[in-house]
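K.L.:
Coordinates in data.txt, compact mmCIF, C-alpha atoms, are listed below.
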```txt
# COMPACT_ATOMS: atom_id res chain seq x y z
CA MET A 1 -12.50 -23.36 25.90
CA ARG A 2 -13.64 -22.38 22.43
CA GLY A 3 -10.30 -23.53 21.04
CA THR A 4 -10.75 -26.93 22.60
CA PHE A 5 -14.27 -27.18 21.23
CA THR A 6 -13.17 -26.27 17.72
CA SER A 7 -10.25 -28.67 17.79
CA LEU A 8 -12.65 -31.36 18.89
CA ALA A 9 -15.06 -30.50 16.09
CA VAL A 10 -12.24 -30.55 13.54
CA GLY A 11 -11.05 -33.85 14.94
CA LEU A 12 -14.52 -35.38 14.80
CA VAL A 13 -15.05 -34.25 11.24
CA LEU A 14 -11.68 -35.59 10.17
CA ALA A 15 -12.19 -38.82 12.09
CA ALA A 16 -15.48 -39.41 10.31
CA ALA A 17 -13.78 -39.25 6.93
CA PRO A 18 -12.91 -42.94 6.50
CA ALA A 19 -16.50 -43.97 7.07
CA LEU A 20 -17.62 -41.79 4.19
CA GLY A 21 -14.52 -42.43 2.14
CA ALA A 22 -16.38 -43.83 -0.83
CA GLN A 23 -16.58 -40.32 -2.15
CA ALA A 24 -13.35 -38.39 -2.33
CA LEU A 25 -12.03 -35.25 -3.97
CA THR A 26 -8.57 -34.60 -5.33
CA ALA A 27 -7.76 -30.99 -6.13
CA PRO A 28 -4.64 -29.55 -7.72
CA LYS A 29 -2.24 -28.06 -5.20
CA THR A 30 -2.25 -24.65 -6.83
CA VAL A 31 -4.43 -22.95 -9.42
CA GLU A 32 -3.68 -19.72 -11.23
CA ALA A 33 -6.27 -17.06 -10.57
CA GLY A 34 -9.12 -17.22 -13.04
CA SER A 35 -7.80 -20.30 -14.83
CA PRO A 36 -9.97 -23.32 -15.54
CA PHE A 37 -9.13 -26.43 -13.57
CA SER A 38 -10.66 -29.71 -12.59
CA ILE A 39 -11.17 -31.60 -9.36
CA GLU A 40 -11.11 -35.36 -9.47
CA SER A 41 -13.98 -37.07 -7.74
CA SER A 42 -14.60 -40.68 -6.86
CA GLY A 43 -17.80 -42.46 -5.96
CA SER A 44 -21.07 -42.33 -7.76
CA GLY A 45 -24.29 -40.39 -7.83
CA GLN A 46 -24.91 -36.69 -7.70
CA ALA A 47 -23.83 -34.14 -5.14
CA THR A 48 -23.16 -30.46 -4.68
CA LEU A 49 -19.56 -29.35 -4.69
CA TYR A 50 -18.64 -26.49 -2.37
CA ILE A 51 -15.46 -24.50 -2.86
CA VAL A 52 -15.02 -22.15 0.08
CA GLY A 53 -12.37 -19.60 0.93
CA MET A 54 -11.97 -16.03 2.10
CA GLY A 55 -11.79 -15.13 -1.56
CA GLY A 56 -15.13 -16.57 -2.55
CA VAL A 57 -17.62 -19.39 -2.55
CA VAL A 58 -18.46 -21.53 -5.58
CA THR A 59 -21.10 -24.24 -5.67
CA ARG A 60 -21.64 -26.76 -8.46
CA ASP A 61 -24.05 -29.64 -8.92
CA VAL A 62 -21.79 -32.47 -10.00
CA GLN A 63 -21.81 -36.04 -11.16
CA LEU A 64 -19.43 -38.07 -9.02
CA GLY A 65 -16.89 -40.43 -10.47
CA SER A 66 -15.69 -38.05 -13.14
CA PRO A 67 -13.57 -34.91 -13.19
CA ILE A 68 -15.38 -31.79 -12.09
CA SER A 69 -14.55 -28.91 -14.39
CA ILE A 70 -14.30 -25.47 -12.89
CA PRO A 71 -14.52 -22.97 -15.73
CA GLU A 72 -12.31 -20.00 -16.40
CA GLY A 73 -13.04 -17.06 -14.14
CA ALA A 74 -14.96 -19.05 -11.53
CA VAL A 75 -12.26 -18.92 -8.85
CA PHE A 76 -10.11 -15.82 -9.18
CA ASN A 77 -9.23 -14.38 -5.79
CA ALA A 78 -5.85 -15.55 -4.53
CA GLY A 79 -5.84 -17.48 -1.29
CA HIS A 80 -6.53 -20.81 0.34
CA TYR A 81 -9.69 -22.74 -0.48
CA ILE A 82 -11.27 -25.93 0.73
CA ALA A 83 -13.52 -28.12 -1.38
CA TYR A 84 -16.06 -30.66 -0.17
CA LEU A 85 -19.14 -32.50 -1.35
CA SER A 86 -22.58 -32.16 0.17
CA THR A 87 -22.74 -35.94 0.39
CA ALA A 88 -19.37 -36.33 2.09
CA PRO A 89 -18.48 -33.03 3.74
CA SER A 90 -15.87 -34.58 5.97
CA ASP A 91 -13.71 -35.43 2.98
CA VAL A 92 -12.05 -32.07 2.47
CA ALA A 93 -9.65 -31.24 -0.33
CA SER A 94 -7.78 -27.98 -0.36
CA PHE A 95 -5.82 -25.88 -2.81
CA ASP A 96 -4.30 -22.44 -3.18
CA VAL A 97 -5.15 -19.91 -5.85
CA VAL A 98 -2.07 -17.97 -6.89
CA PRO A 99 -2.02 -14.59 -8.65
CA ALA A 100 -2.05 -14.48 -12.43
CA LYS A 101 0.37 -12.40 -14.51
CA VAL A 102 0.82 -8.71 -13.81
CA ALA A 103 -1.96 -6.65 -15.35
CA ASP A 104 -2.04 -3.48 -13.29
CA ILE A 105 0.40 -1.23 -11.49
CA SER A 106 -0.52 0.85 -8.51
CA PHE A 107 2.06 3.63 -8.79
CA LEU A 108 2.41 6.43 -6.29
CA ALA A 109 4.94 9.10 -7.19
CA ARG A 110 5.75 11.91 -4.81
CA PRO A 111 5.89 14.85 -4.67
CA SER A 112 3.83 16.23 -7.53
CA ARG A 113 5.94 19.40 -7.56
CA LEU A 114 9.46 20.01 -6.37
CA PRO A 115 12.50 22.22 -7.02
CA VAL A 116 15.13 21.18 -9.55
CA GLY A 117 18.31 19.49 -8.43
CA ARG A 118 16.87 17.92 -5.29
CA ARG A 119 18.83 14.78 -4.39
CA ASN A 120 16.56 11.74 -3.99
CA GLY A 121 13.72 14.23 -4.08
CA ILE A 122 11.42 12.06 -6.17
CA THR A 123 10.15 8.73 -4.89
CA GLY A 124 8.02 6.15 -6.58
CA ALA A 125 6.40 3.14 -4.98
CA VAL A 126 4.56 0.42 -6.84
CA TYR A 127 2.38 -2.53 -6.01
CA LEU A 128 1.78 -5.00 -8.82
CA PHE A 129 -1.61 -6.61 -9.32
CA ASP A 130 -3.07 -9.14 -11.70
CA ALA A 131 -6.34 -8.66 -13.58
CA TYR A 132 -8.32 -9.81 -10.53
CA LYS A 133 -6.78 -7.30 -8.11
CA ASN A 134 -4.60 -9.98 -6.56
CA LEU A 135 -1.24 -8.72 -5.37
CA ALA A 136 1.34 -10.24 -7.72
CA THR A 137 3.76 -11.44 -5.08
CA LYS A 138 6.17 -13.27 -7.37
CA SER A 139 9.43 -11.30 -7.58
CA THR A 140 9.23 -9.18 -10.73
CA PRO A 141 11.55 -6.55 -12.19
CA VAL A 142 10.11 -3.05 -12.35
CA ASN A 143 11.62 -0.40 -14.61
CA PHE A 144 11.46 3.23 -13.60
CA ASP A 145 12.13 5.88 -16.27
CA ILE A 146 12.03 9.59 -15.71
CA SER A 147 12.45 12.13 -18.47
CA THR A 148 12.31 15.89 -18.61
CA PRO A 149 12.37 17.85 -21.89
CA ASN A 150 15.94 18.66 -22.98
CA THR A 151 17.55 16.37 -20.43
CA ALA A 152 18.76 12.79 -20.59
CA GLN A 153 16.32 10.10 -19.60
CA GLU A 154 17.17 8.40 -16.34
CA LYS A 155 16.46 4.69 -16.05
CA ARG A 156 16.56 2.55 -12.96
CA SER A 157 15.12 -0.80 -12.07
CA ALA A 158 14.06 -2.55 -8.90
CA GLN A 159 12.87 -6.02 -8.04
CA THR A 160 9.57 -6.44 -6.26
CA ARG A 161 9.51 -8.08 -2.89
CA ASN A 162 6.09 -9.32 -1.77
CA GLY A 163 4.59 -7.42 -4.69
CA ALA A 164 6.11 -4.05 -3.82
CA ALA A 165 9.05 -2.03 -5.09
CA TRP A 166 10.26 1.53 -4.74
CA ILE A 167 12.81 3.96 -6.11
CA ALA A 168 14.25 7.34 -5.19
CA LEU A 169 15.55 9.68 -7.89
CA ASP A 170 17.11 13.12 -8.11
CA SER A 171 15.06 15.85 -9.68
CA SER A 172 16.43 17.17 -12.96
CA PRO A 173 18.68 20.25 -13.09
CA LYS A 174 16.28 21.70 -15.67
CA GLU A 175 12.80 22.85 -14.93
CA GLY A 176 9.80 21.29 -16.64
CA ALA A 177 7.26 18.52 -16.44
CA ALA A 178 8.95 15.17 -15.83
CA HIS A 179 7.27 12.03 -17.07
CA PHE A 180 7.83 9.34 -14.47
CA VAL A 181 7.03 5.90 -15.82
CA ALA A 182 6.91 2.60 -13.95
CA SER A 183 6.62 -0.55 -16.03
CA ALA A 184 6.50 -4.26 -15.26
CA GLY A 185 5.27 -7.29 -17.12
CA GLY A 186 4.33 -5.27 -20.18
CA VAL A 187 2.20 -2.86 -18.20
CA SER A 188 3.13 0.71 -17.41
CA ALA A 189 1.84 3.66 -15.46
CA VAL A 190 2.82 7.30 -15.93
CA ARG A 191 2.88 10.16 -13.45
CA VAL A 192 3.81 13.76 -14.16
CA ILE A 193 6.00 15.65 -11.75
CA GLN A 194 6.48 19.39 -12.07
CA GLN A 195 10.07 20.39 -11.53
CA VAL A 196 10.26 24.08 -10.75
CA PRO A 197 13.26 26.37 -10.36
CA GLY A 198 14.90 26.37 -6.98
CA ASP A 199 15.67 29.34 -4.79
CA PRO A 200 17.58 32.23 -6.34
CA CYS A 201 21.28 31.54 -6.48
CA ALA A 202 22.36 35.20 -6.42
CA ILE A 203 20.69 38.58 -6.80
CA LYS A 204 22.35 41.59 -8.28
CA MET A 205 20.70 44.99 -8.51
CA SER A 206 21.65 48.30 -10.06
CA ALA A 207 20.52 51.80 -9.19
CA LYS A 208 19.90 54.88 -11.32
CA PRO A 209 18.99 58.38 -10.14
CA ASP A 210 15.50 59.47 -11.16
CA GLY A 211 14.90 62.97 -9.85
CA LYS A 212 14.31 62.75 -6.14
CA LYS A 213 14.08 59.00 -6.39
CA ILE A 214 16.33 56.04 -7.12
CA ALA A 215 15.26 53.47 -9.73
CA LEU A 216 16.36 50.02 -8.53
CA GLU A 217 16.29 46.99 -10.79
CA THR A 218 17.63 43.48 -10.44
CA GLU A 219 19.28 41.45 -13.15
CA PRO A 220 17.21 38.43 -14.22
CA VAL A 221 16.99 36.22 -11.16
CA ARG A 222 18.00 32.60 -11.68
CA ASP A 223 18.51 29.53 -9.55
CA CYS A 224 21.88 27.81 -9.27
CA SER A 225 21.11 25.63 -12.31
CA GLY A 226 20.40 28.67 -14.49
CA ASN A 227 16.62 28.31 -14.49
CA ALA A 228 14.65 31.53 -14.31
CA VAL A 229 13.03 31.93 -10.92
CA PRO A 230 9.26 32.14 -11.51
CA ASP A 231 7.47 35.46 -11.72
CA GLY A 232 5.70 36.31 -8.52
CA THR A 233 8.63 35.36 -6.33
CA ILE A 234 9.02 38.14 -3.80
CA VAL A 235 12.17 40.27 -3.78
CA THR A 236 12.70 42.60 -0.85
CA PHE A 237 14.48 45.95 -1.16
CA THR A 238 15.59 47.50 2.12
CA GLN A 239 16.87 51.01 2.60
CA ASN A 240 18.68 51.97 5.81
CA TYR A 241 19.32 55.63 6.54
CA HIS A 242 20.07 57.71 9.65
CA GLY A 243 18.98 54.85 11.92
CA ALA A 244 15.69 54.39 10.07
CA GLN A 245 14.63 51.66 7.67
CA SER A 246 12.13 51.29 4.85
CA THR A 247 11.28 48.05 3.08
CA VAL A 248 9.51 47.32 -0.18
CA ASP A 249 8.43 43.82 -1.31
CA VAL A 250 8.23 43.44 -5.08
CA PRO A 251 7.19 40.37 -7.06
CA LEU A 252 9.37 39.30 -9.93
CA LYS A 253 7.90 40.29 -13.28
CA ARG A 254 9.47 38.89 -16.42
CA GLY A 255 12.33 37.65 -14.31
CA VAL A 256 13.29 40.98 -12.77
CA ALA A 257 12.19 43.12 -9.84
CA LYS A 258 11.93 46.89 -10.13
CA VAL A 259 11.14 49.57 -7.58
CA GLU A 260 11.61 53.26 -6.95
CA MET A 261 12.74 54.45 -3.55
CA PRO A 262 13.44 57.96 -2.18
CA ALA A 263 16.95 59.13 -2.97
CA ILE A 264 18.38 59.72 0.49
CA PRO A 265 22.04 60.63 0.62
CA GLY A 266 24.03 58.23 2.78
CA ALA A 267 21.45 55.47 2.57
CA ASN A 268 22.46 51.81 2.24
CA ILE A 269 20.19 49.71 0.04
CA THR A 270 20.12 45.92 0.07
CA VAL A 271 18.16 43.35 -1.88
CA ALA A 272 17.14 39.83 -0.86
CA SER A 273 14.79 36.99 -1.73
CA GLY A 274 14.11 34.25 0.78
CA VAL A 275 17.41 33.44 2.43
CA VAL A 276 19.49 34.80 -0.44
CA LEU A 277 21.03 38.23 0.09
CA GLY A 278 22.08 40.24 -2.93
CA ASN A 279 24.48 43.12 -3.32
CA GLU A 280 24.44 46.36 -1.33
CA ILE A 281 24.46 49.89 -2.75
CA HIS A 282 25.56 52.97 -0.85
CA TRP A 283 23.83 56.06 -2.14
CA GLY A 284 26.50 58.74 -1.77
CA LYS A 285 26.11 62.33 -0.65
CA MET B 1 15.50 -3.03 19.77
CA SER B 2 13.73 0.12 20.85
CA MET B 3 10.92 -0.83 18.52
CA LEU B 4 10.42 -4.21 20.07
CA LYS B 5 9.42 -3.00 23.51
CA PRO B 6 6.27 -1.14 22.54
CA VAL B 7 5.34 -3.76 19.98
CA LEU B 8 5.67 -6.50 22.53
CA ALA B 9 3.63 -4.44 24.93
CA VAL B 10 0.88 -4.33 22.35
CA ILE B 11 1.15 -8.04 21.86
CA MET B 12 0.72 -8.68 25.53
CA ALA B 13 -2.29 -6.41 25.58
CA LEU B 14 -3.75 -8.13 22.55
CA SER B 15 -3.16 -11.54 24.02
CA ALA B 16 -4.85 -10.46 27.20
CA SER B 17 -7.91 -9.10 25.42
CA ALA B 18 -8.03 -12.09 23.12
CA ALA B 19 -7.85 -14.44 26.06
CA PHE B 20 -10.67 -12.56 27.71
CA ALA B 21 -12.75 -12.98 24.58
CA GLY B 22 -11.92 -16.64 24.44
CA ALA B 23 -10.05 -16.46 21.13
CA GLN B 24 -6.58 -17.02 22.60
CA ALA B 25 -4.64 -16.32 19.43
CA SER B 26 -0.98 -15.98 20.19
CA VAL B 27 0.79 -13.17 18.42
CA HIS B 28 4.50 -12.95 17.77
CA VAL B 29 6.07 -9.99 16.07
CA THR B 30 9.45 -10.29 14.41
CA PRO B 31 11.41 -7.01 14.20
CA PRO B 32 10.78 -5.20 10.91
CA ASN B 33 12.90 -6.06 7.91
CA LEU B 34 12.12 -2.94 5.97
CA ASP B 35 12.55 -2.44 2.28
CA GLY B 36 12.24 1.30 1.85
CA PRO B 37 13.84 4.61 2.71
CA ARG B 38 11.40 5.68 5.35
CA ASN B 39 11.96 5.03 9.02
CA LEU B 40 9.13 3.29 10.79
CA ALA B 41 8.37 4.94 14.10
CA ASP B 42 7.68 2.69 17.05
CA GLN B 43 4.21 4.13 17.47
CA THR B 44 3.40 3.45 13.82
CA ALA B 45 4.59 -0.15 14.01
CA THR B 46 2.60 -0.70 17.17
CA ALA B 47 -0.56 0.78 15.64
CA VAL B 48 -0.20 -1.25 12.45
CA VAL B 49 0.14 -4.55 14.30
CA LYS B 50 -2.65 -3.73 16.73
CA ASN B 51 -5.05 -2.70 13.96
CA TYR B 52 -4.13 -5.73 11.87
CA ILE B 53 -4.86 -8.17 14.69
CA GLU B 54 -8.13 -6.35 15.32
CA SER B 55 -8.99 -6.79 11.65
CA TRP B 56 -9.02 -10.55 12.18
CA GLU B 57 -11.68 -10.09 14.82
CA SER B 58 -13.84 -8.19 12.32
CA LEU B 59 -13.11 -10.72 9.62
CA ARG B 60 -14.06 -13.60 11.88
CA ALA B 61 -17.29 -11.96 13.02
CA ALA B 62 -18.34 -10.87 9.52
CA LEU B 63 -17.78 -14.26 7.90
CA ALA B 64 -19.35 -16.16 10.80
CA ALA B 65 -22.54 -14.09 10.71
CA ASN B 66 -22.61 -13.17 7.01
CA ARG B 67 -22.63 -9.51 7.99
CA PRO B 68 -20.44 -7.47 5.62
CA GLU B 69 -20.97 -4.26 7.58
CA LEU B 70 -18.71 -5.67 10.28
CA LEU B 71 -15.82 -5.20 7.86
CA ASP B 72 -16.24 -1.42 7.73
CA ARG B 73 -13.96 -0.54 10.62
CA ASP B 74 -10.93 -2.52 9.47
CA PHE B 75 -11.07 -3.10 5.72
CA VAL B 76 -10.95 -0.84 2.71
CA GLY B 77 -10.52 -1.10 -1.04
CA ALA B 78 -10.03 -4.46 -2.72
CA ALA B 79 -9.84 -6.41 0.54
CA LYS B 80 -13.19 -5.10 1.68
CA GLN B 81 -14.76 -5.61 -1.73
CA LYS B 82 -13.57 -9.20 -1.99
CA LEU B 83 -14.63 -10.15 1.52
CA THR B 84 -18.00 -8.50 1.01
CA GLU B 85 -18.55 -10.53 -2.15
CA THR B 86 -17.51 -13.69 -0.32
CA ILE B 87 -20.06 -13.01 2.40
CA GLN B 88 -22.76 -12.47 -0.21
CA GLN B 89 -21.78 -15.75 -1.86
CA GLN B 90 -21.85 -17.52 1.51
CA GLY B 91 -25.37 -16.22 2.03
CA LYS B 92 -26.50 -17.53 -1.34
CA ALA B 93 -24.91 -20.90 -0.65
CA GLY B 94 -26.54 -21.08 2.78
CA ILE B 95 -23.29 -21.39 4.67
CA THR B 96 -21.21 -19.49 7.19
CA THR B 97 -17.53 -19.88 7.91
CA THR B 98 -15.58 -19.62 11.12
CA TYR B 99 -11.93 -18.66 10.91
CA LYS B 100 -10.37 -19.23 14.29
CA ASP B 101 -6.85 -17.85 14.24
CA ARG B 102 -4.63 -19.74 16.64
CA SER B 103 -1.34 -17.96 16.08
CA HIS B 104 0.19 -15.08 14.16
CA ASP B 105 3.84 -14.49 13.37
CA ILE B 106 4.03 -10.99 11.95
CA GLN B 107 6.81 -9.01 10.33
CA ILE B 108 6.55 -5.59 8.74
CA VAL B 109 8.47 -5.70 5.46
CA PHE B 110 7.74 -2.46 3.62
CA TYR B 111 6.93 1.10 4.52
CA SER B 112 6.35 3.11 1.38
CA PRO B 113 8.46 6.25 0.90
CA GLU B 114 5.53 8.62 1.21
CA GLY B 115 4.18 6.83 4.29
CA LEU B 116 0.86 5.89 2.75
CA SER B 117 1.14 2.12 2.99
CA VAL B 118 2.70 -0.55 5.14
CA GLU B 119 3.14 -4.13 4.04
CA LEU B 120 3.50 -7.00 6.45
CA VAL B 121 3.68 -10.76 6.22
CA ASP B 122 1.97 -13.01 8.72
CA ASN B 123 2.38 -16.73 9.13
CA VAL B 124 -1.04 -17.64 10.44
CA GLU B 125 -2.30 -20.87 11.87
CA TYR B 126 -6.05 -21.09 11.96
CA ASP B 127 -8.95 -23.50 11.77
CA VAL B 128 -11.58 -22.99 9.12
CA GLN B 129 -14.98 -24.47 9.71
CA VAL B 130 -17.89 -24.35 7.27
CA SER B 131 -21.36 -24.56 8.75
CA SER B 132 -24.84 -24.75 7.34
CA LYS B 133 -27.89 -24.18 9.50
CA GLY B 134 -25.76 -24.48 12.60
CA LYS B 135 -24.27 -27.81 11.57
CA THR B 136 -20.57 -28.20 10.88
CA MET B 137 -20.13 -29.31 7.29
CA ALA B 138 -16.39 -29.24 6.77
CA ALA B 139 -13.35 -28.23 8.75
CA GLN B 140 -9.65 -27.98 8.25
CA PRO B 141 -6.61 -26.67 10.11
CA VAL B 142 -4.65 -24.30 7.88
CA HIS B 143 -1.20 -22.77 7.95
CA SER B 144 -0.84 -19.91 5.50
CA ARG B 145 1.52 -17.04 4.86
CA TYR B 146 -0.52 -13.90 4.43
CA VAL B 147 0.71 -10.80 2.63
CA VAL B 148 -1.08 -7.74 3.93
CA VAL B 149 -1.08 -4.13 2.76
CA MET B 150 -2.46 -1.56 5.17
CA THR B 151 -3.15 2.10 4.57
CA PRO B 152 -3.75 4.88 7.07
CA THR B 153 -7.21 6.36 7.37
CA GLU B 154 -8.58 8.99 9.71
CA VAL B 155 -8.09 7.14 12.95
CA ARG B 156 -6.58 3.77 12.20
CA TRP B 157 -4.72 1.59 9.71
CA ARG B 158 -7.04 -0.41 7.51
CA VAL B 159 -6.38 -3.55 5.52
CA ARG B 160 -6.32 -2.92 1.77
CA VAL B 161 -4.86 -6.26 0.68
CA LEU B 162 -5.23 -9.52 2.59
CA GLN B 163 -3.93 -12.42 0.61
CA ALA B 164 -2.85 -15.93 1.52
CA GLU B 165 0.04 -17.36 -0.43
CA ALA B 166 0.56 -20.94 -1.50
CA GLU B 167 2.87 -22.77 0.85
```
Transcribe the structure of this file into C-alpha cells.

P.N.:
Amino acid sequence: MRGTFTSLAVGLVLAAAPALGAQALTAPKTVEAGSPFSIESSGSGQATLYIVGMGGVVTRDVQLGSPISIPEGAVFNAGHYIAYLSTAPSDVASFDVVPAKVADISFLARPSRLPVGRRNGITGAVYLFDAYKNLATKSTPVNFDISTPNTAQEKRSAQTRNGAAWIALDSSPKEGAAHFVASAGGVSAVRVIQQVPGDPCAIKMSAKPDGKKIALETEPVRDCSGNAVPDGTIVTFTQNYHGAQSTVDVPLKRGVAKVEMPAIPGANITVASGVVLGNEIHWGK
Amino acid sequence: MSMLKPVLAVIMALSASAAFAGAQASVHVTPPNLDGPRNLADQTATAVVKNYIESWESLRAALAANRPELLDRDFVGAAKQKLTETIQQQGKAGITTTYKDRSHDIQIVFYSPEGLSVELVDNVEYDVQVSSKGKTMAAQPVHSRYVVVMTPTEVRWRVRVLQAEAE
C-alpha cells in the first residue's frame, strides 16, 4: 500500500513538471568528489537550490538563468544526488559523485608474529580510499613489498576489485622484523611483522659424569632454517630407570639447555622440545 | 549450492517481515563470487545479508525522521559518520528524505583473509522523496549499484562503507 502511495506521489511530482517547466536545472552526469562544478539553470528570479543525497545536503541561494557554481569541497561524499529548486521542486536533476584519486590505504596485515618459513603465512588486505573517505572503486594496481634484514625483498602486485585487494606471502626463512608495505596511487602504508624461529629441527644432548650426578647439555637448538630457537623455549629431559621415571623441564638459556640428574646405572635419558624428540643416552653400569 | 539454501531462507524471511511492515522490498541474492583465500561459511553469508538488509531499515528510519541515533545498531565508522552528517544537514535545511527500497540484488564479492571484513555489491532500486514540513518537495526513482563493506562487531555485521556508484 505504501509502495503504491509513493509511486503515486512520484508520478504526481513528475507529472507536474511541465507546468513549472520555465525553471529547469541541468547537472553534469558525474562529478569527482570535492571538485567544483556548475549546474545550468534556466528561468529568472531567485530561488534556493537543494542538492540532496545520502552523502550530504547542500543549499544555495541562486540567481536563475545563469550557471550555479558549486565550489570545491562542497559536495564530496560519493553517491547519487538529486538537485531541485525551491521554486520548481518537481524539476529534478540528478548526478553521481565519484571518488577522487587514491589518498589513503586501509591496510590490514596478519598475523603480527609468525614462525619463519610458513607458506602463505602472511596475508595483507587493502581498501583504497580518496581524501574524503570514499572507497576508490576504480580498478587500481596495488604493490605489496615485504623485506626482512639480510633477505631478498619480495614484490607482488594485485589489482583492486571494488576497491579491495589482497595478497598472501610466505614468511622469510630468516628471523627478524619484516617490513610489509602496500602502495597504490603514490600512497603507501607499512606494517611490521615479527618473524620468529620455528620449532626446533633437531635436539642433540651430551652427558658428562659429575660425581653422583650426570651433567646433561644440549647443543645450540636451532630451527630447520638455522635460526636459533629463542631462549625460554622449554626443553624436557626424561630419565627412565627400573620402571620409574623422572622429568625435568628446562628453559633454553643462550641457546642451550643444561640440567643435572642423578647418575643411575642402567637409566635411559631422552630429550625433547614440543613435538621434536632428540637423542637418547643409556647410562651404563 | 549449499550456500544458497540458507541464504534464500533468509531472503524469504526478510521478504515476509518486510511485507508485514509494508516495505515490500524484494531481495535477490546471487551466489558469492569471492575474491580472497578465505572460505565464506553459509552462516556468515546469511548473517551478512540479513544484517545488510536490516541496515536499510535503520537508514530509512533515520533519514526520514532526522534521528541519527537510529543508525547506531547497523552502521559504524565512515558510513555512520557520513550519514550522521547528512542527517544534521537535513535538519538545518528543514528537510527529511524517504528512501524506499523496492528491490535488492546482492552478491558478496570479497571476504578478507583475516575475516574482518566482507564486501558486497547491491543493485538497488529505490524511490527517494524529499519532504519539507510534511510536504513532498522532490522525488525520483533511482537505480544504483552500491558497494558495501561490512565488519563484524559483538553481535552483528555493521556497515562501514555504503557507497553508490555512477551507472

K.L.:
Counting only C-alpha atoms, which residues of chain A come no farther than 9 Å from chain B, as a PyMOL selection string?

P.N.:
chain A and resi 1-3+6-7+9-11+13-14+29-30+50+52-59+77-80+82-84+86+88-92+94-99+108-111+123-126+133-135+137+161-168

K.L.:
Quote the spacing between atom CA of B:Arg160 and atom CA of A:Ile51 in Å to one decimal place.

P.N.:
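So the answer is 23.9 Å.
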
K.L.:
To one decimal in Å, tell me the separation between atom CA of A:Gly198 and atom CA of A:Ala177.

P.N.:
14.5 Å

K.L.:
What does the distance from atom CA of A:Leu25 to atom CA of A:Glu40 come to in Å, to one decimal?

P.N.:
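Atom-to-atom, atom CA of A:Leu25 to atom CA of A:Glu40, that is 5.6 Å.
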
K.L.:
Here's a test: counting all atoms listed in the file, identify every protein, DNA and RNA residue with an atom at most 12 Å from (6.3, 9.3, -18.4) in the file's coordinate frame, and state them as a list of chain:residue names.

P.N.:
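Within the cut-off we find A:Phe107, A:Ala109, A:Asn143, A:Phe144, A:Asp145, A:Ile146, A:Ser147, A:Thr148, A:Pro149, A:Gln153, A:Glu154, A:Lys155, A:Ala177, A:Ala178, A:His179, A:Phe180, A:Val181, A:Ala182, A:Ser183, A:Ser188, A:Ala189, A:Val190, A:Arg191, A:Val192, A:Ile193, A:Gln194.
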
K.L.:
Grab stretch 100-117 of chain B from that structure and dump C-alpha atoms to a file, as an mmCIF file, in the first residue's frame.

P.N.:
```
data_model
loop_
_atom_site.group_PDB
_atom_site.id
_atom_site.type_symbol
_atom_site.label_atom_id
_atom_site.label_comp_id
_atom_site.auth_asym_id
_atom_site.auth_seq_id
_atom_site.Cartn_x
_atom_site.Cartn_y
_atom_site.Cartn_z
ATOM 1 C CA LYS B 100 12.030 3.424 -0.149
ATOM 2 C CA ASP B 101 14.000 0.459 -1.402
ATOM 3 C CA ARG B 102 11.972 -1.568 -3.867
ATOM 4 C CA SER B 103 14.471 -4.271 -4.757
ATOM 5 C CA HIS B 104 17.943 -5.501 -3.902
ATOM 6 C CA ASP B 105 20.175 -7.766 -5.953
ATOM 7 C CA ILE B 106 23.067 -8.674 -3.685
ATOM 8 C CA GLN B 107 26.318 -10.508 -4.267
ATOM 9 C CA ILE B 108 29.148 -10.976 -1.803
ATOM 10 C CA VAL B 109 32.404 -10.308 -3.652
ATOM 11 C CA PHE B 110 35.173 -10.231 -1.061
ATOM 12 C CA TYR B 111 35.886 -11.842 2.267
ATOM 13 C CA SER B 112 39.154 -10.544 3.640
ATOM 14 C CA PRO B 113 41.815 -13.124 4.533
ATOM 15 C CA GLU B 114 41.654 -12.423 8.250
ATOM 16 C CA GLY B 115 37.843 -12.487 8.285
ATOM 17 C CA LEU B 116 37.422 -8.923 9.476
ATOM 18 C CA SER B 117 35.507 -7.530 6.526
#
```
